[in-house]
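Below is data23.cif, holding mmCIF, C-alpha atoms.
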data_data
loop_
_atom_site.label_atom_id
_atom_site.label_comp_id
_atom_site.auth_asym_id
_atom_site.auth_seq_id
_atom_site.Cartn_x
_atom_site.Cartn_y
_atom_site.Cartn_z
CA MET A 17 6.37 -14.45 25.77
CA LYS A 18 8.81 -16.73 24.04
CA ILE A 19 7.14 -18.54 21.21
CA ARG A 20 9.37 -20.30 18.77
CA LEU A 21 8.87 -18.51 15.48
CA GLY A 22 9.80 -19.93 12.15
CA PHE A 23 11.71 -23.13 11.91
CA VAL A 24 15.18 -23.76 13.15
CA SER A 25 17.62 -26.01 11.38
CA ASN A 26 16.99 -29.03 13.59
CA SER A 27 13.24 -28.94 12.93
CA SER A 28 11.97 -30.74 9.88
CA THR A 29 8.30 -30.00 10.25
CA SER A 30 6.69 -26.88 8.85
CA SER A 31 3.11 -25.67 8.76
CA PHE A 32 1.11 -23.79 6.16
CA CYS A 33 -2.31 -22.34 5.43
CA ILE A 34 -3.19 -21.78 1.80
CA VAL A 35 -6.25 -21.00 -0.30
CA GLY A 36 -6.32 -23.27 -3.31
CA PHE A 37 -7.03 -26.69 -4.76
CA ARG A 38 -6.24 -30.30 -4.01
CA PHE A 39 -5.36 -32.77 -6.76
CA ASP A 40 -5.72 -36.44 -5.84
CA SER A 41 -2.48 -37.53 -7.46
CA ILE A 42 0.62 -36.21 -9.17
CA LYS A 43 -0.68 -37.74 -12.39
CA THR A 44 -3.96 -35.80 -12.14
CA PHE A 45 -2.07 -32.62 -11.42
CA ILE A 46 0.29 -33.01 -14.39
CA GLU A 47 -2.63 -33.78 -16.68
CA SER A 48 -4.30 -30.56 -15.52
CA CYS A 49 -1.29 -28.36 -16.21
CA LYS A 50 -1.48 -26.09 -19.22
CA ASN A 51 1.43 -25.78 -21.66
CA LYS A 52 2.59 -29.27 -20.78
CA LYS A 53 4.45 -29.65 -24.04
CA GLU A 54 6.38 -26.39 -23.69
CA LEU A 55 7.30 -27.26 -20.12
CA GLY A 56 8.25 -30.81 -20.95
CA LEU A 57 5.69 -32.14 -18.49
CA LYS A 58 4.74 -35.74 -19.08
CA PHE A 59 3.63 -38.18 -16.45
CA ASP A 60 5.77 -41.27 -16.31
CA SER A 61 4.98 -43.73 -13.54
CA LYS A 62 8.47 -45.25 -13.85
CA GLU A 63 10.24 -41.99 -13.08
CA PRO A 64 10.40 -40.31 -9.65
CA GLN A 65 7.06 -38.54 -9.64
CA TYR A 66 8.04 -35.65 -7.39
CA GLU A 67 10.87 -34.60 -9.70
CA GLN A 68 8.55 -34.51 -12.69
CA LEU A 69 6.82 -31.51 -11.16
CA GLU A 70 9.91 -29.32 -11.00
CA PRO A 71 9.29 -27.34 -14.24
CA ILE A 72 5.79 -26.26 -13.23
CA ARG A 73 6.73 -25.73 -9.58
CA ASN A 74 9.49 -23.33 -10.58
CA ILE A 75 7.04 -21.26 -12.60
CA LEU A 76 4.40 -21.24 -9.87
CA ASP A 77 6.99 -20.26 -7.25
CA LYS A 78 7.77 -17.12 -9.24
CA LYS A 79 4.07 -16.19 -9.11
CA ASP A 80 3.95 -16.78 -5.33
CA ILE A 81 1.77 -19.84 -5.84
CA ALA A 82 2.78 -22.57 -3.41
CA THR A 83 2.70 -26.27 -4.19
CA TYR A 84 2.77 -28.98 -1.54
CA VAL A 85 3.29 -32.54 -2.67
CA ASP A 86 2.64 -35.39 -0.30
CA ASP A 87 5.79 -37.46 -0.62
CA TYR A 88 4.39 -40.39 1.28
CA ASP A 89 1.63 -42.82 0.38
CA ASP A 90 -1.10 -40.77 -1.22
CA GLN A 91 1.04 -38.40 -3.31
CA PHE A 92 -1.65 -35.77 -3.58
CA VAL A 93 -0.85 -32.19 -4.60
CA LEU A 94 -2.01 -28.95 -2.99
CA ILE A 95 -1.66 -25.73 -4.89
CA GLY A 96 -2.57 -22.26 -3.69
CA LYS A 97 -1.61 -18.94 -2.20
CA ASN A 98 -0.65 -18.32 1.38
CA ILE A 99 -3.49 -16.97 3.49
CA THR A 100 -1.14 -14.23 4.71
CA ASP A 101 -1.11 -12.84 1.14
CA MET A 102 -4.71 -11.75 1.63
CA LYS A 103 -5.01 -7.98 1.96
CA ASP A 104 -6.77 -6.50 4.98
CA SER A 105 -9.39 -4.83 2.81
CA GLU A 106 -10.06 -7.91 0.67
CA THR A 107 -12.95 -10.29 1.36
CA LEU A 108 -12.24 -14.00 1.51
CA GLY A 109 -14.43 -14.41 -1.58
CA GLU A 110 -12.41 -11.82 -3.49
CA PHE A 111 -9.16 -13.43 -2.44
CA LYS A 112 -10.40 -16.86 -3.52
CA SER A 113 -11.42 -15.47 -6.94
CA LYS A 114 -8.05 -13.82 -7.39
CA VAL A 115 -6.16 -16.98 -6.42
CA GLN A 116 -8.29 -19.12 -8.72
CA LYS A 117 -7.65 -16.74 -11.61
CA ASP A 118 -3.89 -16.77 -10.95
CA ILE A 119 -3.80 -20.56 -10.76
CA GLU A 120 -5.91 -21.06 -13.86
CA GLU A 121 -3.31 -19.24 -15.89
CA PHE A 122 -1.19 -22.38 -15.45
CA VAL A 123 -3.48 -25.18 -14.27
CA ASP A 124 -6.97 -26.28 -15.26
CA THR A 125 -9.04 -26.52 -12.06
CA ASP A 126 -12.44 -27.41 -13.55
CA LYS A 127 -12.53 -30.92 -12.13
CA GLU A 128 -11.17 -30.11 -8.70
CA GLY A 129 -14.27 -28.71 -7.07
CA LEU A 130 -14.44 -25.51 -5.07
CA ILE A 131 -11.44 -23.53 -3.99
CA LYS A 132 -10.81 -24.10 -0.27
CA ILE A 133 -8.67 -23.21 2.70
CA PHE A 134 -6.12 -25.91 3.49
CA CYS A 135 -4.25 -25.80 6.80
CA GLY A 136 -1.62 -28.43 7.31
CA TYR A 137 1.95 -29.43 7.98
CA VAL A 138 4.77 -31.14 6.16
CA GLY A 139 6.14 -33.83 8.42
CA MET A 140 9.57 -35.35 8.81
CA GLY A 141 8.91 -38.06 6.24
CA GLY A 142 7.61 -35.62 3.63
CA GLU A 143 4.04 -36.52 4.49
CA ILE A 144 1.41 -33.82 4.51
CA GLY A 145 -1.11 -33.73 7.31
CA LEU A 146 -4.23 -31.67 6.82
CA ASP A 147 -6.24 -30.05 9.57
CA MET B 170 11.55 -22.65 24.24
CA LYS B 171 8.95 -25.29 23.76
CA ILE B 172 5.25 -24.64 23.81
CA ARG B 173 3.18 -27.63 24.51
CA SER B 174 -0.46 -28.17 23.71
CA ALA B 175 -1.95 -28.75 27.11
CA PHE B 176 -4.04 -31.76 26.52
CA VAL B 177 -2.19 -33.87 24.01
CA SER B 178 -0.12 -36.67 25.39
CA ASN B 179 0.25 -38.88 22.34
CA SER B 180 2.65 -38.42 19.45
CA SER B 181 0.17 -36.97 16.98
CA THR B 182 0.85 -33.93 14.84
CA SER B 183 -1.78 -31.38 13.91
CA SER B 184 -1.82 -27.92 12.43
CA PHE B 185 -3.77 -24.76 12.99
CA CYS B 186 -4.38 -21.32 11.54
CA ILE B 187 -6.10 -18.97 13.93
CA VAL B 188 -6.84 -15.30 14.26
CA GLY B 189 -6.29 -14.46 17.88
CA PHE B 190 -3.99 -13.48 20.70
CA ARG B 191 -0.91 -14.62 22.55
CA PHE B 192 -0.83 -14.51 26.32
CA ASP B 193 2.18 -14.81 28.58
CA SER B 194 0.87 -17.44 30.92
CA PHE B 195 -2.03 -19.48 32.10
CA LYS B 196 -2.21 -17.29 35.20
CA GLU B 197 -2.49 -14.20 33.05
CA ILE B 198 -5.57 -15.65 31.38
CA LEU B 199 -7.14 -16.24 34.76
CA SER B 200 -6.42 -12.69 35.84
CA LEU B 201 -7.96 -11.23 32.67
CA LEU B 202 -11.17 -13.27 32.58
CA ARG B 203 -14.34 -11.23 32.75
CA HIS B 204 -16.56 -14.19 33.38
CA GLU B 205 -18.05 -14.43 36.84
CA ASP B 206 -18.14 -18.20 36.72
CA THR B 207 -17.07 -19.64 40.07
CA ARG B 208 -15.00 -22.22 38.25
CA PHE B 209 -12.37 -19.55 37.77
CA ARG B 210 -12.08 -18.36 41.35
CA PHE B 211 -8.83 -20.06 42.10
CA ASP B 212 -6.31 -17.23 42.31
CA SER B 213 -3.84 -19.15 44.41
CA VAL B 214 -4.15 -22.42 42.55
CA GLU B 215 -1.02 -23.36 40.66
CA TYR B 216 -1.44 -24.44 37.08
CA GLU B 217 -0.52 -28.03 36.46
CA TYR B 218 0.17 -29.44 33.05
CA GLY B 219 -2.97 -31.09 31.74
CA GLY B 220 -4.64 -30.51 35.09
CA ALA B 221 -8.31 -29.99 35.82
CA ASN B 222 -8.00 -26.22 35.76
CA SER B 223 -6.61 -26.14 32.26
CA THR B 224 -9.33 -28.50 31.07
CA ILE B 225 -12.02 -26.23 32.50
CA LEU B 226 -10.45 -23.20 30.88
CA GLN B 227 -10.10 -24.94 27.54
CA GLU B 228 -13.73 -26.04 27.62
CA PHE B 229 -14.78 -22.52 28.51
CA PHE B 230 -13.17 -21.11 25.36
CA GLU B 231 -14.06 -24.00 23.09
CA GLU B 232 -17.74 -23.60 24.03
CA LYS B 233 -17.45 -20.17 22.40
CA ASP B 234 -15.78 -21.62 19.29
CA PHE B 235 -12.27 -20.54 20.18
CA SER B 236 -9.16 -22.66 19.81
CA PHE B 237 -7.11 -22.84 22.99
CA LEU B 238 -3.44 -23.82 22.87
CA VAL B 239 -1.36 -23.61 25.98
CA GLY B 240 2.30 -24.19 26.72
CA GLY B 241 2.94 -27.02 29.09
CA TYR B 242 6.23 -25.97 30.62
CA ASN B 243 7.32 -23.29 33.07
CA ASP B 244 5.66 -20.13 31.91
CA ASN B 245 2.81 -21.68 29.95
CA PRO B 246 2.29 -19.26 27.08
CA VAL B 247 -1.18 -19.46 25.61
CA LEU B 248 -2.65 -18.91 22.15
CA ILE B 249 -6.39 -18.27 21.93
CA GLY B 250 -8.20 -17.54 18.70
CA ARG B 251 -10.70 -18.59 16.10
CA THR B 252 -9.85 -20.80 13.17
CA ILE B 253 -9.55 -19.05 9.82
CA LYS B 254 -11.90 -21.69 8.41
CA SER B 255 -14.80 -20.03 10.21
CA MET B 256 -14.25 -16.83 8.24
CA LYS B 257 -17.18 -15.98 5.98
CA LYS B 258 -16.72 -15.47 2.26
CA THR B 259 -18.05 -11.91 2.47
CA GLN B 260 -15.76 -10.91 5.34
CA THR B 261 -12.50 -9.04 5.06
CA LEU B 262 -9.64 -10.07 7.28
CA GLN B 263 -10.09 -6.79 9.14
CA LYS B 264 -13.74 -7.51 9.79
CA PHE B 265 -13.01 -11.07 10.91
CA GLU B 266 -10.31 -9.77 13.26
CA SER B 267 -12.75 -7.21 14.67
CA GLU B 268 -15.36 -9.90 15.24
CA VAL B 269 -12.87 -12.18 17.00
CA LYS B 270 -11.59 -9.27 19.07
CA SER B 271 -15.12 -8.28 20.05
CA ASP B 272 -16.14 -11.85 20.98
CA MET B 273 -12.91 -12.39 22.89
CA GLY B 274 -13.39 -9.05 24.61
CA GLU B 275 -16.61 -10.29 26.15
CA LEU B 276 -14.72 -13.11 27.84
CA ILE B 277 -11.37 -11.60 28.62
CA SER B 278 -9.78 -8.17 28.96
CA ILE B 279 -7.85 -7.65 25.73
CA GLY B 280 -6.44 -4.20 26.42
CA ASP B 281 -4.15 -2.99 23.65
CA ARG B 282 -3.02 -6.50 22.79
CA LYS B 283 -2.35 -7.07 19.11
CA ILE B 284 -4.55 -9.51 17.23
CA GLU B 285 -2.63 -11.76 14.86
CA LEU B 286 -3.01 -14.36 12.17
CA ILE B 287 -1.07 -17.28 13.61
CA VAL B 288 -0.12 -20.34 11.54
CA GLY B 289 1.47 -23.25 13.32
CA ALA B 290 1.65 -26.92 14.10
CA ASP B 291 1.49 -29.08 17.17
CA VAL B 292 4.34 -31.49 16.61
CA GLU B 293 4.14 -34.27 19.15
CA GLY B 294 3.00 -31.82 21.77
CA GLU B 295 5.35 -29.02 20.83
CA ILE B 296 3.66 -26.03 19.23
CA VAL B 297 5.69 -24.18 16.65
CA CYS B 298 4.42 -20.99 15.02
CA GLU B 299 5.42 -19.73 11.61
CA ASP B 300 6.77 -16.20 11.23
#

As structure tokens, the full file:
Amino acid sequence: MKIRLGFVSNSSTSSFCIVGFRFDSIKTFIESCKNKKELGLKFDSKEPQYEQLEPIRNILDKKDIATYVDDYDDQFVLIGKNITDMKDSETLGEFKSKVQKDIEEFVDTDKEGLIKIFCGYVGMGGEIGLD
Amino acid sequence: MKIRSAFVSNSSTSSFCIVGFRFDSFKEILSLLRHEDTRFRFDSVEYEYGGANSTILQEFFEEKDFSFLVGGYNDNPVLIGRTIKSMKKTQTLQKFESEVKSDMGELISIGDRKIELIVGADVEGEIVCED
């Protein structure tokens, strides 16, 4: 069967499934980041908000923690680990605990509720659609 | 090649993350069904995009909590599986896969087909799966 795998250069939509947290705004996310001073993270509504996340995103990328930022109206932030990183022998609960621990090394998640599975896509306009 | 979700005619985009199987064609599904339901006794009936037969088949699987995504073009590849969001906290991925395989096996002959974690999006009717 021919199923198109991955994303070719003329496609600008990609899909994802992560276990993690949702922050309602870029401002909320930045305020929840630890070591803000060292990273030079400071929310400034006059500056392009997406670019302000680059320092923390670079660090999280190195730890295999994905961040998805809705670059449309809502500008919410999703942060988490890909569901495919879960080991076969690991329970979903164990994986969630591990992901939460990894994230909390960099971001305070106390106010964000329970860790969840987020399935979604990044559309052509940078918008994120959630299942 | 394009894979089209059988029953979506508008320009909406949605995403999915399922544990399940890929099948070569709509006809293959019909040939593998274990169910004795007379609705599926239509060996010589040609599949038509969005036709009554596909609706019946989709309903049949959805009644058992399976997602059903079918290609709408020539060879109609089909994805059938259960959303990752129905996985229990105490389950391992292996156990969830076994449960899906067992439940699917009651409806359809699985044989030595490989069960997979499939992440993808339905982009305006075209289904694209991640690697």

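CA of Cys49 in chain A sits 6.0 Å away from CA of Phe122 in chain A.
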
| request: List the residues sitting within 12 Å of (-11.5, -8.1, 24.8) in the file's frame, using only C-alpha atoms, as a ChimeraX atom specification. | output: /B:189-190,198,201-204,249-250,266-284

Can you translate the PyMOL selection byres ((chain B) within 12 of (chain A)) into the concrete residues it hits in this file, as a compact mmCIF listing (two decimals) with C-alpha atoms, in the frame of the given file?
# COMPACT_ATOMS: atom_id res chain seq x y z
CA MET B 170 11.55 -22.65 24.24
CA LYS B 171 8.95 -25.29 23.76
CA ILE B 172 5.25 -24.64 23.81
CA ARG B 173 3.18 -27.63 24.51
CA SER B 181 0.17 -36.97 16.98
CA THR B 182 0.85 -33.93 14.84
CA SER B 183 -1.78 -31.38 13.91
CA SER B 184 -1.82 -27.92 12.43
CA PHE B 185 -3.77 -24.76 12.99
CA CYS B 186 -4.38 -21.32 11.54
CA ILE B 187 -6.10 -18.97 13.93
CA VAL B 188 -6.84 -15.30 14.26
CA PHE B 190 -3.99 -13.48 20.70
CA ARG B 191 -0.91 -14.62 22.55
CA PHE B 192 -0.83 -14.51 26.32
CA ASP B 193 2.18 -14.81 28.58
CA SER B 194 0.87 -17.44 30.92
CA PHE B 195 -2.03 -19.48 32.10
CA GLU B 197 -2.49 -14.20 33.05
CA LEU B 238 -3.44 -23.82 22.87
CA VAL B 239 -1.36 -23.61 25.98
CA GLY B 240 2.30 -24.19 26.72
CA TYR B 242 6.23 -25.97 30.62
CA ASN B 243 7.32 -23.29 33.07
CA ASP B 244 5.66 -20.13 31.91
CA ASN B 245 2.81 -21.68 29.95
CA PRO B 246 2.29 -19.26 27.08
CA VAL B 247 -1.18 -19.46 25.61
CA LEU B 248 -2.65 -18.91 22.15
CA THR B 252 -9.85 -20.80 13.17
CA ILE B 253 -9.55 -19.05 9.82
CA LYS B 254 -11.90 -21.69 8.41
CA SER B 255 -14.80 -20.03 10.21
CA MET B 256 -14.25 -16.83 8.24
CA LYS B 257 -17.18 -15.98 5.98
CA LYS B 258 -16.72 -15.47 2.26
CA THR B 259 -18.05 -11.91 2.47
CA GLN B 260 -15.76 -10.91 5.34
CA THR B 261 -12.50 -9.04 5.06
CA LEU B 262 -9.64 -10.07 7.28
CA GLN B 263 -10.09 -6.79 9.14
CA LYS B 264 -13.74 -7.51 9.79
CA PHE B 265 -13.01 -11.07 10.91
CA GLU B 266 -10.31 -9.77 13.26
CA SER B 267 -12.75 -7.21 14.67
CA GLU B 285 -2.63 -11.76 14.86
CA LEU B 286 -3.01 -14.36 12.17
CA ILE B 287 -1.07 -17.28 13.61
CA VAL B 288 -0.12 -20.34 11.54
CA GLY B 289 1.47 -23.25 13.32
CA ALA B 290 1.65 -26.92 14.10
CA ASP B 291 1.49 -29.08 17.17
CA VAL B 292 4.34 -31.49 16.61
CA GLU B 293 4.14 -34.27 19.15
CA GLU B 295 5.35 -29.02 20.83
CA ILE B 296 3.66 -26.03 19.23
CA VAL B 297 5.69 -24.18 16.65
CA CYS B 298 4.42 -20.99 15.02
CA GLU B 299 5.42 -19.73 11.61
CA ASP B 300 6.77 -16.20 11.23

| message | Between A:Ile81, A:Ile42, A:Leu94, A:Ile131, which residue has the minimum interatomic distance to Leu69 in chain A, considering all atoms listed in the file? | response | A:Ile42

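Closest to Lys50 in chain A among A:Glu67, A:Glu121, A:Asp101, A:Asp80 is A:Glu121, based on all atoms listed in the file.
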
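The smallest atom-to-atom distance between Lys53 in chain A and any of A:Phe37, A:Asp126, A:Thr83, A:Pro71, using all atoms listed in the file, is found for A:Pro71.
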
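Nearest-residue note for Leu130 in chain A: choosing from A:Gln116, A:Lys43, A:Tyr66, A:Phe59, the minimum distance belongs to A:Gln116, counting all atoms listed in the file.
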